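Trainee: TSV, C-alpha atoms, saved as data.tsv, coming up:
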```tsv
chain	number	residue	atom	x	y	z
A	290	MET	CA	3.44	-6.37	51.49
A	291	ALA	CA	4.80	-4.17	48.75
A	292	ARG	CA	2.61	-1.54	47.17
A	293	GLN	CA	3.52	0.02	43.87
A	294	MET	CA	1.96	3.19	42.50
A	295	LEU	CA	2.36	4.37	38.92
A	296	THR	CA	0.52	7.32	37.40
A	297	TRP	CA	-0.04	8.38	33.80
A	298	SER	CA	-1.77	11.54	32.68
A	299	TRP	CA	-2.84	12.45	29.20
A	300	SER	CA	-3.90	15.91	28.15
A	301	ARG	CA	-4.74	17.59	24.91
A	302	GLY	CA	-3.22	21.02	24.39
A	303	GLN	CA	-5.01	23.80	22.60
A	304	LYS	CA	-3.62	25.28	19.39
A	305	GLY	CA	-1.86	28.58	19.71
A	306	GLY	CA	1.72	27.95	20.82
A	307	CYS	CA	3.43	29.12	23.99
A	308	ASP	CA	1.01	31.94	24.71
A	309	GLU	CA	-1.93	29.58	25.01
A	310	ARG	CA	0.01	27.09	27.17
A	311	ALA	CA	1.23	29.89	29.43
A	312	ARG	CA	-2.36	30.87	30.12
A	313	GLY	CA	-3.19	27.31	31.12
A	314	ASN	CA	-5.45	26.51	28.21
A	315	SER	CA	-4.73	22.80	28.10
A	316	VAL	CA	-7.46	20.36	29.02
A	317	ARG	CA	-6.59	17.31	31.10
A	318	GLU	CA	-8.89	14.57	29.93
A	319	VAL	CA	-7.91	11.51	31.93
A	320	ARG	CA	-5.59	10.45	34.71
A	321	ILE	CA	-4.78	6.77	35.13
A	322	SER	CA	-3.16	5.51	38.33
A	323	VAL	CA	-2.11	1.94	38.95
A	324	SER	CA	-1.40	0.38	42.31
A	325	SER	CA	-0.85	-3.23	43.17
A	326	LEU	CA	-1.12	-5.16	46.38
A	327	GLY	CA	-0.12	-8.76	45.96
A	328	SER	CA	-2.00	-10.21	43.00
A	329	LEU	CA	-4.60	-7.39	42.89
A	330	SER	CA	-4.05	-4.57	40.40
A	331	VAL	CA	-6.16	-1.47	41.01
A	332	VAL	CA	-6.45	0.91	38.08
A	333	LYS	CA	-7.99	4.26	39.02
A	334	VAL	CA	-9.40	6.32	36.17
A	335	ASP	CA	-10.16	10.01	36.79
A	336	GLY	CA	-11.78	12.49	34.43
A	337	ALA	CA	-13.21	11.78	30.99
A	338	LEU	CA	-12.27	8.53	29.29
A	339	THR	CA	-12.43	8.91	25.52
A	340	ARG	CA	-10.98	7.11	22.53
A	341	ASP	CA	-7.76	9.11	22.96
A	342	GLY	CA	-7.24	7.99	26.57
A	343	LEU	CA	-8.49	4.46	25.94
A	344	ALA	CA	-5.28	3.44	24.18
A	345	GLU	CA	-3.33	4.48	27.28
A	346	LEU	CA	-5.69	2.56	29.57
A	347	GLU	CA	-5.30	-0.56	27.46
A	348	ARG	CA	-1.50	-0.16	27.51
A	349	VAL	CA	-1.52	0.20	31.31
A	350	ILE	CA	-3.78	-2.82	31.84
A	351	ALA	CA	-1.95	-5.16	29.42
A	352	PRO	CA	0.88	-6.20	31.81
A	353	CYS	CA	-1.43	-6.58	34.84
A	354	GLU	CA	-1.56	-10.12	36.16
A	355	GLY	CA	-4.07	-11.55	38.61
A	356	ALA	CA	-7.25	-9.81	39.67
A	357	LEU	CA	-8.06	-6.44	38.11
A	358	GLN	CA	-10.16	-3.75	39.78
A	359	LEU	CA	-11.16	-0.60	37.91
A	360	ASP	CA	-11.76	2.28	40.32
A	361	PHE	CA	-14.15	4.79	38.76
A	362	THR	CA	-14.69	6.98	41.83
A	363	GLU	CA	-13.58	10.09	39.92
A	364	LEU	CA	-14.62	9.02	36.41
A	365	ARG	CA	-16.97	11.70	35.09
A	366	SER	CA	-17.74	10.53	31.56
A	367	LEU	CA	-16.84	8.06	28.83
A	368	ASP	CA	-17.53	7.88	25.13
A	369	GLU	CA	-18.98	4.96	23.17
A	370	GLU	CA	-15.61	3.37	22.41
A	371	ALA	CA	-14.51	3.55	26.04
A	372	LEU	CA	-17.89	2.19	27.14
A	373	ALA	CA	-17.51	-0.83	24.85
A	374	ALA	CA	-13.97	-1.46	26.13
A	375	ILE	CA	-15.06	-1.23	29.79
A	376	ARG	CA	-17.92	-3.64	29.16
A	377	ALA	CA	-15.45	-6.08	27.55
A	378	LEU	CA	-13.05	-5.79	30.49
A	379	ARG	CA	-15.93	-6.44	32.88
A	380	GLY	CA	-16.94	-9.45	30.81
A	381	ASN	CA	-13.39	-10.77	31.21
A	382	GLY	CA	-13.57	-10.57	35.00
A	383	ALA	CA	-12.52	-7.01	35.87
A	384	VAL	CA	-14.30	-5.69	38.96
A	385	ILE	CA	-15.72	-2.16	38.76
A	386	ALA	CA	-15.52	-0.11	41.96
A	387	GLY	CA	-16.79	3.33	42.93
A	388	ALA	CA	-18.75	4.07	39.76
A	389	SER	CA	-21.38	6.78	40.05
A	390	PRO	CA	-24.97	5.62	39.52
A	391	TYR	CA	-24.86	7.19	36.04
A	392	ILE	CA	-21.63	5.43	35.00
A	393	ALA	CA	-22.85	2.16	36.56
A	394	LEU	CA	-26.06	2.43	34.52
A	395	LEU	CA	-24.11	3.00	31.32
A	396	ILE	CA	-21.87	-0.02	31.81
A	397	GLY	CA	-24.70	-2.24	33.05
A	398	ALA	CA	-23.62	-2.54	36.67
A	399	THR	CA	-25.20	-1.44	39.94
A	400	SER	CA	-23.47	0.43	42.75
A	401	SER	CA	-23.66	-0.71	46.33
A	402	PRO	CA	-23.49	1.68	49.29
A	403	ARG	CA	-19.83	0.69	49.85
A	404	GLY	CA	-18.89	1.92	46.39
A	405	GLU	CA	-18.37	-1.55	44.95
A	406	THR	CA	-20.08	-2.16	41.67
A	407	ARG	CA	-21.54	-5.51	40.73
A	408	GLU	CA	-23.12	-6.93	37.63
A	409	LYS	CA	-26.67	-5.74	37.13
A	410	GLU	CA	-29.11	-8.48	38.07
A	411	LYS	CA	-31.48	-9.33	35.28
A	412	THR	CA	-35.10	-9.64	36.27
A	413	GLN	CA	-37.63	-11.35	34.09
```
Please lay out the structure from this file as structure tokens.
Mentor:
Amino acid sequence: MARQMLTWSWSRGQKGGCDERARGNSVREVRISVSSLGSLSVVKVDGALTRDGLAELERVIAPCEGALQLDFTELRSLDEEALAAIRALRGNGAVIAGASPYIALLIGATSSPRGETREKEKTQ
């Protein structure tokens, strides 16, 4: 079986020209990696997913066919716009994997011991 890995990174540089960049003052906000195995596309999101990185995530996901799994093992935070987009993706069948208990709580999912995340069961 063929496995394909593509990686995109997005960072926001600080103002100040070459001096600032030379000192390493750029902040990497999000890293998005895509791998596919057969009809399963796994999109791994690392770092902080904000409105700025959300456009890139949506661009990466758009051509994915078949099952979609979002791996949030290294996702540390997300803003309101990203949260709404992730909830919509989940509502359209995307499976969330590896989310921390905090991230799982935000998106309305629960984490299992194996790192898989499933829809939060509603109790009445």
Trainee: Measuring between only C-alpha atoms, which one of A:Pro352, A:Gly397, A:Gly387, A:Gly380 shows the shortest distance to Ser330 (chain A)?
Mentor: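 Using only C-alpha atoms, the shortest distance to Ser330 (chain A) belongs to A:Pro352.
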Trainee: In terms of the shortest atom-to-atom distance over all atoms listed in the file, which of A:Glu363, A:Ala356, A:Ala351, A:Ser322 is closest to Gly336 (chain A)?
Mentor: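 Counting all atoms listed in the file, the residue closest to Gly336 (chain A) is A:Glu363.
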Trainee: Counting only C-alpha atoms, figure out which residue out of A:Leu326, A:Ile396, A:Leu367, A:Leu357 gets nearest to Ala383 (chain A).
Mentor: A:Leu357
Trainee: Which polymer residues have any atom within 12 Å of an atom of Ile375 (chain A), counting only C-alpha atoms, with same-chain residues fewer than 6 positions away left out, as a list in words?
Mentor: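 So, after excluding close chain neighbours, the residues are Val334, Leu338, Thr339, Arg340, Leu343, Leu346, Glu347, Ile350, Gln358, Leu359, Asp360, Phe361, Leu367, Asp368, Glu369, Asn381, Gly382, Ala383, Val384, Ile385, Ala388, Ile392, Ala393, Leu395, Ile396, Gly397 and Ala398 of chain A.
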Trainee: Expressed in Å to a single decimal, how great is the separation between CA of Ala386 (chain A) and CA of Ala344 (chain A)?
Mentor: 20.8 Å
Trainee: Hey, can you check how far CA of Cys353 (chain A) sits from CA of Leu329 (chain A)?
Mentor: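 CA of Leu329 (chain A) lies 8.7 Å from CA of Cys353 (chain A).
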Trainee: Work out how far CA of Gly355 (chain A) is from CA of Ala337 (chain A), in Å to one decimal.
Mentor: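 Value for the CA of Ala337 (chain A)-CA of Gly355 (chain A) distance: 26.2 Å.
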Trainee: Looking at all atoms listed in the file, which of A:Ala374, A:Val332, A:Ile321, A:Leu394 is the one that sits closest to Glu345 (chain A)?
Mentor: A:Ile321
